[in-house]
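Shown next: input_0.txt, given as compact mmCIF, C-alpha atoms and all ligand atoms.
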```txt
# COMPACT_ATOMS: atom_id res chain seq x y z
CA MET A 1 -157.54 11.02 -17.11
CA ILE A 2 -153.90 10.00 -16.77
CA PRO A 3 -153.63 6.53 -15.21
CA LYS A 4 -152.11 6.14 -11.76
CA LYS A 5 -149.62 3.76 -10.24
CA ARG A 6 -150.27 2.36 -6.78
CA LEU A 7 -147.75 1.53 -4.07
CA ARG A 8 -148.15 -1.56 -1.86
CA CYS A 9 -149.37 0.78 0.90
CA GLY A 10 -152.18 2.01 -1.39
CA PHE A 11 -150.75 5.47 -2.15
CA GLU A 12 -151.47 6.43 -5.76
CA LEU A 13 -149.79 8.86 -8.14
CA PRO A 14 -150.59 9.73 -11.76
CA ILE A 15 -147.93 8.21 -14.01
CA LEU A 16 -147.33 11.62 -15.59
CA GLY A 17 -147.56 15.01 -13.91
CA LEU A 18 -147.27 18.54 -15.27
CA GLY A 19 -144.07 20.44 -14.40
CA THR A 20 -143.98 24.21 -13.95
CA TRP A 21 -140.25 24.99 -13.89
CA LEU A 22 -139.65 28.20 -15.91
CA MET A 23 -143.27 29.27 -15.64
CA GLY A 24 -143.25 32.80 -14.23
CA GLY A 25 -139.44 33.01 -14.24
CA ASP A 26 -136.51 30.85 -13.22
CA MET A 27 -135.18 31.30 -9.68
CA ALA A 28 -136.37 34.91 -9.88
CA ARG A 29 -139.67 36.30 -11.08
CA ALA A 30 -139.47 36.95 -14.83
CA THR A 31 -139.16 40.58 -15.80
CA SER A 32 -141.43 40.05 -18.78
CA PRO A 33 -143.50 37.02 -17.75
CA GLN A 34 -145.76 35.20 -20.17
CA ASP A 35 -148.45 34.71 -17.56
CA GLN A 36 -151.39 34.20 -19.90
CA LEU A 37 -149.48 31.62 -21.95
CA ASP A 38 -148.45 29.70 -18.83
CA ILE A 39 -151.95 29.80 -17.34
CA ARG A 40 -153.40 28.57 -20.62
CA ALA A 41 -150.81 25.76 -20.79
CA ILE A 42 -151.77 24.53 -17.30
CA GLN A 43 -155.47 24.65 -18.17
CA THR A 44 -154.89 22.86 -21.47
CA ALA A 45 -153.02 20.13 -19.59
CA ILE A 46 -155.83 19.76 -17.04
CA ASP A 47 -158.41 19.59 -19.85
CA MET A 48 -156.33 16.79 -21.41
CA GLY A 49 -156.31 14.78 -18.18
CA TYR A 50 -153.23 15.92 -16.25
CA THR A 51 -154.13 16.09 -12.54
CA HIS A 52 -150.72 16.10 -10.82
CA ILE A 53 -149.30 19.63 -10.96
CA ASP A 54 -145.77 20.03 -9.68
CA THR A 55 -144.50 23.40 -8.56
CA ALA A 56 -142.12 24.88 -5.97
CA GLU A 57 -141.62 28.05 -3.98
CA ILE A 58 -138.40 28.77 -5.89
CA TYR A 59 -140.02 28.63 -9.34
CA GLY A 60 -140.24 32.24 -10.42
CA ASP A 61 -139.65 33.09 -6.75
CA GLY A 62 -143.21 32.01 -5.95
CA HIS A 63 -144.79 33.29 -9.15
CA ALA A 64 -145.22 29.80 -10.62
CA GLU A 65 -147.41 28.93 -7.63
CA GLU A 66 -149.46 32.09 -8.23
CA LEU A 67 -149.94 31.10 -11.88
CA VAL A 68 -151.07 27.63 -10.80
CA ARG A 69 -153.63 29.22 -8.44
CA THR A 70 -155.08 31.31 -11.27
CA ALA A 71 -155.07 28.38 -13.69
CA ILE A 72 -156.82 25.94 -11.36
CA GLY A 73 -159.43 28.48 -10.25
CA PRO A 74 -162.22 27.12 -12.50
CA TYR A 75 -161.49 23.46 -11.66
CA ASP A 76 -162.51 21.22 -8.78
CA ARG A 77 -159.59 21.28 -6.31
CA GLN A 78 -160.46 17.76 -5.09
CA GLN A 79 -159.80 16.33 -8.55
CA LEU A 80 -156.27 17.76 -8.65
CA PHE A 81 -153.07 16.56 -7.03
CA LEU A 82 -151.10 19.66 -6.06
CA ALA A 83 -147.45 19.28 -5.15
CA SER A 84 -144.98 21.93 -4.01
CA LYS A 85 -141.55 22.07 -2.42
CA VAL A 86 -139.65 23.95 0.23
CA ARG A 87 -136.35 25.34 -0.95
CA GLN A 88 -133.00 24.06 0.25
CA GLY A 89 -131.75 25.93 3.32
CA ARG A 90 -135.24 26.61 4.78
CA HIS A 91 -135.61 23.34 6.61
CA ASP A 92 -135.61 24.40 10.25
CA LYS A 93 -138.92 24.29 12.05
CA ALA A 94 -139.91 27.95 11.79
CA GLN A 95 -138.63 28.41 8.23
CA LEU A 96 -140.35 25.30 6.92
CA ALA A 97 -143.66 26.21 8.56
CA ALA A 98 -143.47 29.73 7.08
CA ALA A 99 -142.49 28.40 3.65
CA LEU A 100 -145.43 26.00 3.63
CA ASP A 101 -147.88 28.72 4.64
CA GLY A 102 -146.48 30.89 1.84
CA SER A 103 -146.99 28.12 -0.73
CA LEU A 104 -150.55 27.42 0.47
CA LYS A 105 -151.40 31.11 0.22
CA ARG A 106 -149.90 31.55 -3.25
CA LEU A 107 -151.64 28.38 -4.44
CA GLY A 108 -154.96 29.43 -2.88
CA THR A 109 -155.51 26.13 -1.12
CA ASP A 110 -155.56 24.95 2.49
CA TYR A 111 -153.75 21.68 1.81
CA LEU A 112 -151.15 20.18 -0.51
CA ASP A 113 -151.41 16.62 -1.76
CA LEU A 114 -147.63 16.34 -1.59
CA TYR A 115 -144.99 18.54 0.03
CA SER A 116 -141.34 17.85 -0.67
CA LEU A 117 -137.89 18.98 0.39
CA HIS A 118 -136.41 20.37 -2.84
CA ARG A 119 -132.90 19.15 -1.96
CA PRO A 120 -131.35 17.78 1.21
CA THR A 121 -130.20 20.47 3.65
CA LEU A 122 -127.51 18.71 5.61
CA GLU A 123 -126.84 21.73 7.88
CA THR A 124 -130.26 21.38 9.56
CA PRO A 125 -130.63 18.22 11.66
CA PHE A 126 -133.09 15.84 10.01
CA GLU A 127 -134.80 15.46 13.37
CA GLU A 128 -135.84 19.12 13.27
CA THR A 129 -136.95 19.06 9.61
CA ALA A 130 -138.91 15.87 10.27
CA ALA A 131 -140.61 17.48 13.29
CA ALA A 132 -141.76 20.38 11.07
CA LEU A 133 -143.06 17.97 8.42
CA ASN A 134 -144.75 15.81 11.05
CA SER A 135 -146.63 18.77 12.51
CA ALA A 136 -147.69 20.03 9.05
CA TYR A 137 -148.99 16.54 8.31
CA LYS A 138 -150.84 16.34 11.63
CA ALA A 139 -152.38 19.75 11.01
CA GLY A 140 -153.76 18.47 7.68
CA LYS A 141 -151.79 21.03 5.65
CA ILE A 142 -150.01 18.29 3.72
CA ARG A 143 -151.40 14.89 2.79
CA ALA A 144 -148.10 13.25 1.88
CA ILE A 145 -144.40 13.91 2.38
CA GLY A 146 -141.82 13.74 -0.38
CA VAL A 147 -138.17 14.49 -1.02
CA CYS A 148 -136.14 15.38 -4.10
CA ASN A 149 -132.63 14.44 -5.12
CA PHE A 150 -132.06 12.20 -2.09
CA LEU A 151 -129.65 9.26 -2.11
CA PRO A 152 -130.99 6.06 -0.53
CA GLN A 153 -129.06 6.56 2.71
CA THR A 154 -130.13 10.23 3.00
CA LEU A 155 -133.76 9.23 2.51
CA ASP A 156 -133.45 6.52 5.15
CA ALA A 157 -131.88 8.99 7.59
CA LEU A 158 -134.77 11.46 7.25
CA GLN A 159 -137.35 8.68 7.28
CA SER A 160 -136.16 7.49 10.68
CA PHE A 161 -137.53 10.71 12.25
CA LEU A 162 -140.80 10.89 10.31
CA ASP A 163 -144.16 9.65 11.63
CA VAL A 164 -145.34 8.70 8.14
CA PRO A 165 -143.57 7.11 5.17
CA ILE A 166 -141.95 9.21 2.46
CA ARG A 167 -144.05 8.64 -0.68
CA THR A 168 -141.91 10.18 -3.44
CA ASN A 169 -138.33 11.05 -4.34
CA GLN A 170 -138.00 13.33 -7.39
CA VAL A 171 -134.80 12.65 -9.30
CA HIS A 172 -133.13 13.68 -12.54
CA TYR A 173 -133.68 10.60 -14.66
CA ASN A 174 -133.92 9.95 -18.36
CA LEU A 175 -132.24 7.82 -21.01
CA ALA A 176 -129.06 9.90 -20.80
CA PHE A 177 -128.89 10.65 -17.05
CA ARG A 178 -128.71 7.45 -15.04
CA GLU A 179 -127.54 8.53 -11.61
CA PRO A 180 -130.58 6.99 -9.82
CA GLU A 181 -129.74 3.58 -11.30
CA ALA A 182 -126.07 3.82 -10.43
CA CYS A 183 -126.76 4.51 -6.74
CA GLY A 184 -129.39 1.79 -6.35
CA LEU A 185 -132.41 4.07 -6.05
CA LEU A 186 -134.66 1.99 -8.34
CA GLN A 187 -134.25 -1.03 -6.10
CA HIS A 188 -134.47 1.07 -2.93
CA ALA A 189 -137.76 2.63 -4.06
CA GLU A 190 -139.26 -0.80 -4.67
CA GLU A 191 -138.05 -2.20 -1.36
CA LYS A 192 -139.12 0.82 0.70
CA ASP A 193 -142.35 1.32 -1.25
CA TYR A 194 -142.12 4.89 -2.58
CA PHE A 195 -142.25 6.43 -6.05
CA LEU A 196 -139.30 7.80 -7.94
CA VAL A 197 -140.61 10.74 -9.93
CA ALA A 198 -138.37 11.47 -12.90
CA TRP A 199 -137.86 15.16 -13.50
CA ARG A 200 -136.53 16.36 -16.85
CA PRO A 201 -137.46 13.09 -18.60
CA LEU A 202 -136.89 14.68 -22.02
CA ARG A 203 -134.76 17.81 -21.91
CA LEU A 204 -131.07 17.01 -22.05
CA THR A 205 -129.38 20.37 -21.69
CA LYS A 206 -129.66 23.22 -19.30
CA ARG A 207 -131.49 26.13 -20.87
CA GLY A 208 -129.14 28.93 -21.85
CA GLU A 209 -126.07 26.81 -21.29
CA ALA A 210 -123.31 28.31 -23.42
CA ALA A 211 -121.75 25.00 -24.39
CA PRO A 212 -124.31 22.23 -23.99
CA LYS A 213 -122.81 18.91 -23.06
CA ILE A 214 -125.25 17.22 -25.42
CA ALA A 215 -125.72 19.02 -28.68
CA ALA A 216 -129.02 17.34 -29.55
CA ASN A 217 -132.54 17.09 -28.21
CA ILE A 218 -133.98 13.70 -27.44
CA TRP A 219 -136.89 14.45 -29.76
CA ASP A 220 -134.65 15.18 -32.78
CA LYS A 221 -134.86 12.46 -35.42
CA GLY A 222 -131.38 11.38 -36.42
CA ALA A 223 -129.73 12.49 -33.18
CA PHE A 224 -129.98 9.10 -31.47
CA PRO A 225 -130.30 6.36 -34.13
CA LEU A 226 -131.16 3.67 -31.60
CA LEU A 227 -134.09 5.72 -30.34
CA ASP A 228 -135.19 6.32 -33.94
CA GLN A 229 -135.22 2.56 -34.56
CA VAL A 230 -137.27 1.70 -31.48
CA ALA A 231 -139.65 4.62 -32.12
CA GLU A 232 -140.24 3.41 -35.68
CA LYS A 233 -141.00 -0.09 -34.45
CA TYR A 234 -143.73 1.27 -32.14
CA HIS A 235 -144.94 3.88 -34.68
CA ALA A 236 -144.16 6.46 -32.04
CA THR A 237 -142.10 9.62 -31.68
CA ASN A 238 -138.73 9.64 -29.93
CA SER A 239 -140.21 11.63 -27.03
CA GLN A 240 -142.95 9.06 -26.55
CA ILE A 241 -140.45 6.20 -26.40
CA ALA A 242 -138.13 8.14 -24.08
CA LEU A 243 -141.09 8.67 -21.72
CA ALA A 244 -142.31 5.09 -22.06
CA TRP A 245 -138.81 3.90 -21.13
CA THR A 246 -138.65 6.25 -18.13
CA VAL A 247 -141.91 5.09 -16.57
CA ALA A 248 -141.47 1.40 -17.42
CA PRO A 249 -139.98 0.38 -14.04
CA LYS A 250 -142.57 -0.44 -11.41
CA ASN A 251 -141.98 2.51 -9.08
CA LEU A 252 -141.31 5.17 -11.71
CA CYS A 253 -143.56 8.11 -12.57
CA ALA A 254 -142.52 11.29 -14.40
CA LEU A 255 -143.09 15.02 -14.72
CA LEU A 256 -143.27 16.78 -18.06
CA LYS A 257 -143.32 20.51 -18.66
CA SER A 258 -144.72 21.82 -21.90
CA SER A 259 -146.70 24.79 -23.10
CA ASN A 260 -147.44 23.10 -26.41
CA PRO A 261 -150.68 21.05 -26.59
CA ILE A 262 -149.11 18.69 -29.15
CA HIS A 263 -146.25 17.92 -26.74
CA LEU A 264 -148.63 17.54 -23.80
CA GLN A 265 -150.59 14.97 -25.81
CA GLU A 266 -147.36 13.26 -26.86
CA GLY A 267 -146.61 12.84 -23.16
CA ILE A 268 -149.95 11.16 -22.53
CA ASP A 269 -149.52 8.90 -25.56
CA GLY A 270 -145.97 8.05 -24.47
CA ILE A 271 -146.93 6.73 -21.06
CA HIS A 272 -149.52 4.47 -22.69
CA ILE A 273 -146.88 2.70 -24.78
CA SER A 274 -145.65 -0.44 -23.17
CA ILE A 275 -142.24 -1.32 -24.54
CA ASN A 276 -141.36 -4.99 -24.33
CA ASN A 277 -138.59 -6.25 -22.04
CA SER A 278 -136.17 -6.81 -24.87
CA ASP A 279 -136.54 -3.26 -26.25
CA TYR A 280 -136.38 -1.87 -22.72
CA ARG A 281 -133.03 -3.63 -22.19
CA ILE A 282 -131.71 -2.62 -25.61
CA LEU A 283 -132.41 1.03 -24.83
CA SER A 284 -131.08 0.76 -21.27
CA ASP A 285 -127.85 -0.92 -22.28
CA ASN A 286 -127.02 0.84 -25.52
CA PHE A 287 -128.36 4.38 -25.40
CA ASN A 288 -125.50 6.76 -25.85
CA PRO A 289 -124.37 9.05 -24.24
CA ILE A 290 -124.92 7.88 -20.69
CA TYR A 291 -124.27 10.38 -17.92
CA GLN A 292 -123.76 8.86 -14.51
CA ALA A 293 -124.57 12.06 -12.61
CA SER A 294 -127.01 14.91 -13.04
CA ASP A 295 -125.54 18.06 -14.55
CA THR A 296 -128.15 20.09 -12.70
CA VAL A 297 -128.92 18.69 -9.23
CA PRO A 298 -126.77 15.69 -8.35
CA LEU A 299 -128.10 13.35 -5.71
CA THR A 300 -126.99 14.01 -2.13
N1 LIG A 401 -137.20 18.41 -7.90
C1 LIG A 401 -136.30 18.95 -8.68
O1 LIG A 401 -135.14 19.18 -8.27
C2 LIG A 401 -136.68 19.30 -10.09
C3 LIG A 401 -135.68 19.77 -10.96
C4 LIG A 401 -136.07 20.08 -12.26
C5 LIG A 401 -137.38 19.93 -12.67
N2 LIG A 401 -138.34 19.50 -11.78
C6 LIG A 401 -139.76 19.38 -12.20
O2 LIG A 401 -139.83 18.49 -13.30
C7 LIG A 401 -140.52 19.13 -14.38
C8 LIG A 401 -140.04 18.58 -15.73
O3 LIG A 401 -138.68 18.89 -15.96
P1 LIG A 401 -138.19 20.01 -17.01
O4 LIG A 401 -139.27 21.00 -17.18
O5 LIG A 401 -136.89 20.52 -16.54
O6 LIG A 401 -137.88 19.17 -18.32
P2 LIG A 401 -138.75 18.36 -19.42
O7 LIG A 401 -140.17 18.26 -19.00
O8 LIG A 401 -138.00 17.10 -19.70
O9 LIG A 401 -138.59 19.26 -20.71
C9 LIG A 401 -139.30 20.45 -20.87
C10 LIG A 401 -138.91 21.07 -22.20
O10 LIG A 401 -139.07 20.11 -23.23
C11 LIG A 401 -139.90 20.62 -24.26
N3 LIG A 401 -140.74 19.51 -24.70
C12 LIG A 401 -141.60 18.77 -23.97
N4 LIG A 401 -142.15 17.78 -24.70
C13 LIG A 401 -141.63 17.90 -25.94
C14 LIG A 401 -141.80 17.19 -27.16
N5 LIG A 401 -142.61 16.13 -27.24
N6 LIG A 401 -141.09 17.59 -28.24
C15 LIG A 401 -140.26 18.66 -28.18
N7 LIG A 401 -140.06 19.39 -27.06
C16 LIG A 401 -140.73 19.00 -25.95
C17 LIG A 401 -140.70 21.74 -23.65
O11 LIG A 401 -140.92 22.76 -24.60
P3 LIG A 401 -142.41 23.09 -25.16
O12 LIG A 401 -143.07 23.94 -24.11
O13 LIG A 401 -142.14 23.78 -26.41
O14 LIG A 401 -143.11 21.77 -25.35
C18 LIG A 401 -139.76 22.25 -22.56
O15 LIG A 401 -138.89 23.23 -23.08
C19 LIG A 401 -140.20 20.62 -14.14
O16 LIG A 401 -141.03 21.48 -14.88
C20 LIG A 401 -140.37 20.70 -12.64
O17 LIG A 401 -141.73 20.80 -12.27
C21 LIG A 401 -137.99 19.15 -10.50
```
Take the structure in this file and express it as structure tokens.
Amino acid sequence: MIPKKRLRCGFELPILGLGTWLMGGDMARATSPQDQLDIRAIQTAIDMGYTHIDTAEIYGDGHAEELVRTAIGPYDRQQLFLASKVRQGRHDKAQLAAALDGSLKRLGTDYLDLYSLHRPTLETPFEETAAALNSAYKAGKIRAIGVCNFLPQTLDALQSFLDVPIRTNQVHYNLAFREPEACGLLQHAEEKDYFLVAWRPLRLTKRGEAAPKIAANIWDKGAFPLLDQVAEKYHATNSQIALAWTVAPKNLCALLKSSNPIHLQEGIDGIHISINNSDYRILSDNFNPIYQASDTVPLT
């Protein structure tokens, strides 16, 4: 089982969850999906101890959720932590309620452990979005409310209309992308008692990008000499140290997507490494390159 972190309020989250972005397609359903491979990857992860499964209605235009439903069929639903998200632009009361019902149906469950806004939708008043989330929570369809890619002030604005506290904020965060630090989110999460959930803790470039801004992968030996040095010291791989660094702060958890059992195990081993304060600071202060904003979904 993957260990959990606990907030002051008692809410718990596994330190590492399984991502499903690019399972079943990207924003559209894949024309030649690798359904069996994806289903097997989810089941392999569950067998290894992953319980938090993160998906979204936009992943594969709903197909990722369908794959999760098939994959989790043989497992005890109560032992899993299922999280999904409503897409940006569907945050008014009727749209959000319909989106949630769609996700529940595709996932084959009558409740989600966590339901998040995928990105802020500033065109819909937060009061209305919050009312939709409040009624879904009261109806027992969602057990916790989350957001993604929210700046501290945006999170506070939504929170002021919610009946229950926001438990998670998913953000693009890894050694190279430091936007959450720059805008004070790490401190905000601790003060307001919610988890930051780092998405893309390892991958540094957008898939298919013609001219990647970073020409190397974080797991490549020789690409980031500082990471090589720290990894050697801990007898670990670069990916393990990158993950250990990501989840080192008190309120940080992470999501990892992999279809490779070796990489899934590397993720588990990574979150069990506790890097000392000095190495944490060395990596934080000297890792190069540092991007101050996400190249994919900047905070709003
Ligand atoms: N809320 C949001 O706005 C948002 C945005 C993006 C993502 N997310 C969530 O966060 C999850 C994680 O992010 P992500 O999938 O973009 O990125 P990621 O987990 O950092 O990277 C995934 C990629 O890294 C490879 N990989 C994983 N471990 C590896 C290792 N040890 N060595 C070499 N390659 C490795 C995987 O390939 P293999 O299959 O070959 O291992 C896969 O191609 C997503 O799946 C999604 O659920 C949320």
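Proximity ranking of A:Pro14, A:Gly60, A:Gly222, A:Gly19 relative to ligand LIG 401 (chain A) places A:Gly19 first, based on only C-alpha atoms and all ligand atoms.
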List all protein, DNA and RNA residues that have any atom at most 8 Å from ligand LIG 401 (chain A), counting all atoms listed in the file, and write the list as a PDB file with C-alpha atoms, in the frame of the given file.
```
ATOM      1  CA  LEU A  18    -147.270  18.540 -15.270  1.00  0.00           C
ATOM      2  CA  GLY A  19    -144.070  20.440 -14.400  1.00  0.00           C
ATOM      3  CA  THR A  20    -143.980  24.210 -13.950  1.00  0.00           C
ATOM      4  CA  TRP A  21    -140.250  24.990 -13.890  1.00  0.00           C
ATOM      5  CA  LEU A  22    -139.650  28.200 -15.910  1.00  0.00           C
ATOM      6  CA  ILE A  53    -149.300  19.630 -10.960  1.00  0.00           C
ATOM      7  CA  ASP A  54    -145.770  20.030  -9.680  1.00  0.00           C
ATOM      8  CA  THR A  55    -144.500  23.400  -8.560  1.00  0.00           C
ATOM      9  CA  ALA A  56    -142.120  24.880  -5.970  1.00  0.00           C
ATOM     10  CA  LYS A  85    -141.550  22.070  -2.420  1.00  0.00           C
ATOM     11  CA  HIS A 118    -136.410  20.370  -2.840  1.00  0.00           C
ATOM     12  CA  ARG A 119    -132.900  19.150  -1.960  1.00  0.00           C
ATOM     13  CA  VAL A 147    -138.170  14.490  -1.020  1.00  0.00           C
ATOM     14  CA  CYS A 148    -136.140  15.380  -4.100  1.00  0.00           C
ATOM     15  CA  ASN A 149    -132.630  14.440  -5.120  1.00  0.00           C
ATOM     16  CA  GLN A 170    -138.000  13.330  -7.390  1.00  0.00           C
ATOM     17  CA  VAL A 171    -134.800  12.650  -9.300  1.00  0.00           C
ATOM     18  CA  HIS A 172    -133.130  13.680 -12.540  1.00  0.00           C
ATOM     19  CA  ALA A 198    -138.370  11.470 -12.900  1.00  0.00           C
ATOM     20  CA  TRP A 199    -137.860  15.160 -13.500  1.00  0.00           C
ATOM     21  CA  ARG A 200    -136.530  16.360 -16.850  1.00  0.00           C
ATOM     22  CA  PRO A 201    -137.460  13.090 -18.600  1.00  0.00           C
ATOM     23  CA  LEU A 202    -136.890  14.680 -22.020  1.00  0.00           C
ATOM     24  CA  ARG A 203    -134.760  17.810 -21.910  1.00  0.00           C
ATOM     25  CA  LEU A 204    -131.070  17.010 -22.050  1.00  0.00           C
ATOM     26  CA  ASN A 217    -132.540  17.090 -28.210  1.00  0.00           C
ATOM     27  CA  TRP A 219    -136.890  14.450 -29.760  1.00  0.00           C
ATOM     28  CA  THR A 237    -142.100   9.620 -31.680  1.00  0.00           C
ATOM     29  CA  SER A 239    -140.210  11.630 -27.030  1.00  0.00           C
ATOM     30  CA  GLN A 240    -142.950   9.060 -26.550  1.00  0.00           C
ATOM     31  CA  ALA A 254    -142.520  11.290 -14.400  1.00  0.00           C
ATOM     32  CA  LEU A 255    -143.090  15.020 -14.720  1.00  0.00           C
ATOM     33  CA  LEU A 256    -143.270  16.780 -18.060  1.00  0.00           C
ATOM     34  CA  LYS A 257    -143.320  20.510 -18.660  1.00  0.00           C
ATOM     35  CA  SER A 258    -144.720  21.820 -21.900  1.00  0.00           C
ATOM     36  CA  SER A 259    -146.700  24.790 -23.100  1.00  0.00           C
ATOM     37  CA  ASN A 260    -147.440  23.100 -26.410  1.00  0.00           C
ATOM     38  CA  PRO A 261    -150.680  21.050 -26.590  1.00  0.00           C
ATOM     39  CA  ILE A 262    -149.110  18.690 -29.150  1.00  0.00           C
ATOM     40  CA  HIS A 263    -146.250  17.920 -26.740  1.00  0.00           C
ATOM     41  CA  LEU A 264    -148.630  17.540 -23.800  1.00  0.00           C
ATOM     42  CA  GLU A 266    -147.360  13.260 -26.860  1.00  0.00           C
ATOM     43  CA  GLY A 267    -146.610  12.840 -23.160  1.00  0.00           C
ATOM     44  CA  THR A 296    -128.150  20.090 -12.700  1.00  0.00           C
ATOM     45  CA  VAL A 297    -128.920  18.690  -9.230  1.00  0.00           C
TER      46      VAL A 297
END
```
Determine, counting only C-alpha atoms, which protein, DNA and RNA residues have an atom within 9 Å of an atom of Leu112 of chain A; residues of the same chain fewer than 4 positions away are not included. Present the result as a list of chain:residue names. A:Phe81, A:Leu82, A:Ala83, A:Ser84, A:Ser103, A:Leu104, A:Gly140, A:Lys141, A:Ile142, A:Arg143, A:Ala144
Would you list the contacts of Asp38 of chain A as JSON, numbers by chain, taking every protein, DNA or RNA residue within 8 Å and counting all atoms listed in the file, but skipping same-chain residues closer than 4 positions in sequence? {"A": [23, 24, 34, 42, 67, 259]}
Need the shell around segment 131-139 of chain A: protein/DNA/RNA residues with any atom at most 12 Å away, counting all atoms listed in the file. Skip same-chain ones fewer than 5 positions apart. Format as number ranges by chain? A: 85-86, 90-101, 104, 110-117, 124-126, 144-147, 158-166
Identify which of the residues A:Ala28, A:Ile275, A:Cys183, A:Leu151 lies closest to Tyr234 of chain A, counting only C-alpha atoms when measuring atom-to-atom distances. A:Ile275
With a distance cut-off of 10 Å and all atoms listed in the file, select the neighbouring residues of His272 of chain A, excluding the residue or stretch itself and same-chain residues fewer than 4 positions from it, and output the selection as a PyMOL selection string. chain A and resi 2-3+15+240-241+243-244+247+266-268
Can I get the selected residues back with C-alpha atoms, as a PDB file, keeping the file's coordinate frame?
```pdb
ATOM      1  CA  ILE A   2    -153.900  10.000 -16.770  1.00  0.00           C
ATOM      2  CA  PRO A   3    -153.630   6.530 -15.210  1.00  0.00           C
ATOM      3  CA  ILE A  15    -147.930   8.210 -14.010  1.00  0.00           C
ATOM      4  CA  GLN A 240    -142.950   9.060 -26.550  1.00  0.00           C
ATOM      5  CA  ILE A 241    -140.450   6.200 -26.400  1.00  0.00           C
ATOM      6  CA  LEU A 243    -141.090   8.670 -21.720  1.00  0.00           C
ATOM      7  CA  ALA A 244    -142.310   5.090 -22.060  1.00  0.00           C
ATOM      8  CA  VAL A 247    -141.910   5.090 -16.570  1.00  0.00           C
ATOM      9  CA  GLU A 266    -147.360  13.260 -26.860  1.00  0.00           C
ATOM     10  CA  GLY A 267    -146.610  12.840 -23.160  1.00  0.00           C
ATOM     11  CA  ILE A 268    -149.950  11.160 -22.530  1.00  0.00           C
TER      12      ILE A 268
END
```
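Nearest to Cys253 of chain A of all the residues A:Arg167, A:Arg69, A:Arg106, A:Arg87 is A:Arg167, based on all atoms listed in the file.
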Coordinates-based distance that separates atom CA of Ala176 of chain A from atom CA of Ala242 of chain A (Å, one decimal):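 Atom-to-atom, atom CA of Ala242 of chain A and atom CA of Ala176 of chain A are spaced 9.8 Å apart.
In this comparison, which uses all atoms listed in the file, the residue of A:Leu186, A:Gly102, A:Asp76, A:Thr300 approaching Thr154 of chain A most closely is A:Thr300.
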For atom CA of Gln229 of chain A and atom CA of Asp285 of chain A, quote the distance in Å rounded to one decimal.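 Between atom CA of Gln229 of chain A and atom CA of Asp285 of chain A the gap is 14.7 Å.
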So the first atom is atom CA of Glu66 of chain A and the second is atom CA of His52 of chain A; what is the distance between them in Å, to one decimal place?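 Atom CA of His52 of chain A lies 16.2 Å from atom CA of Glu66 of chain A.
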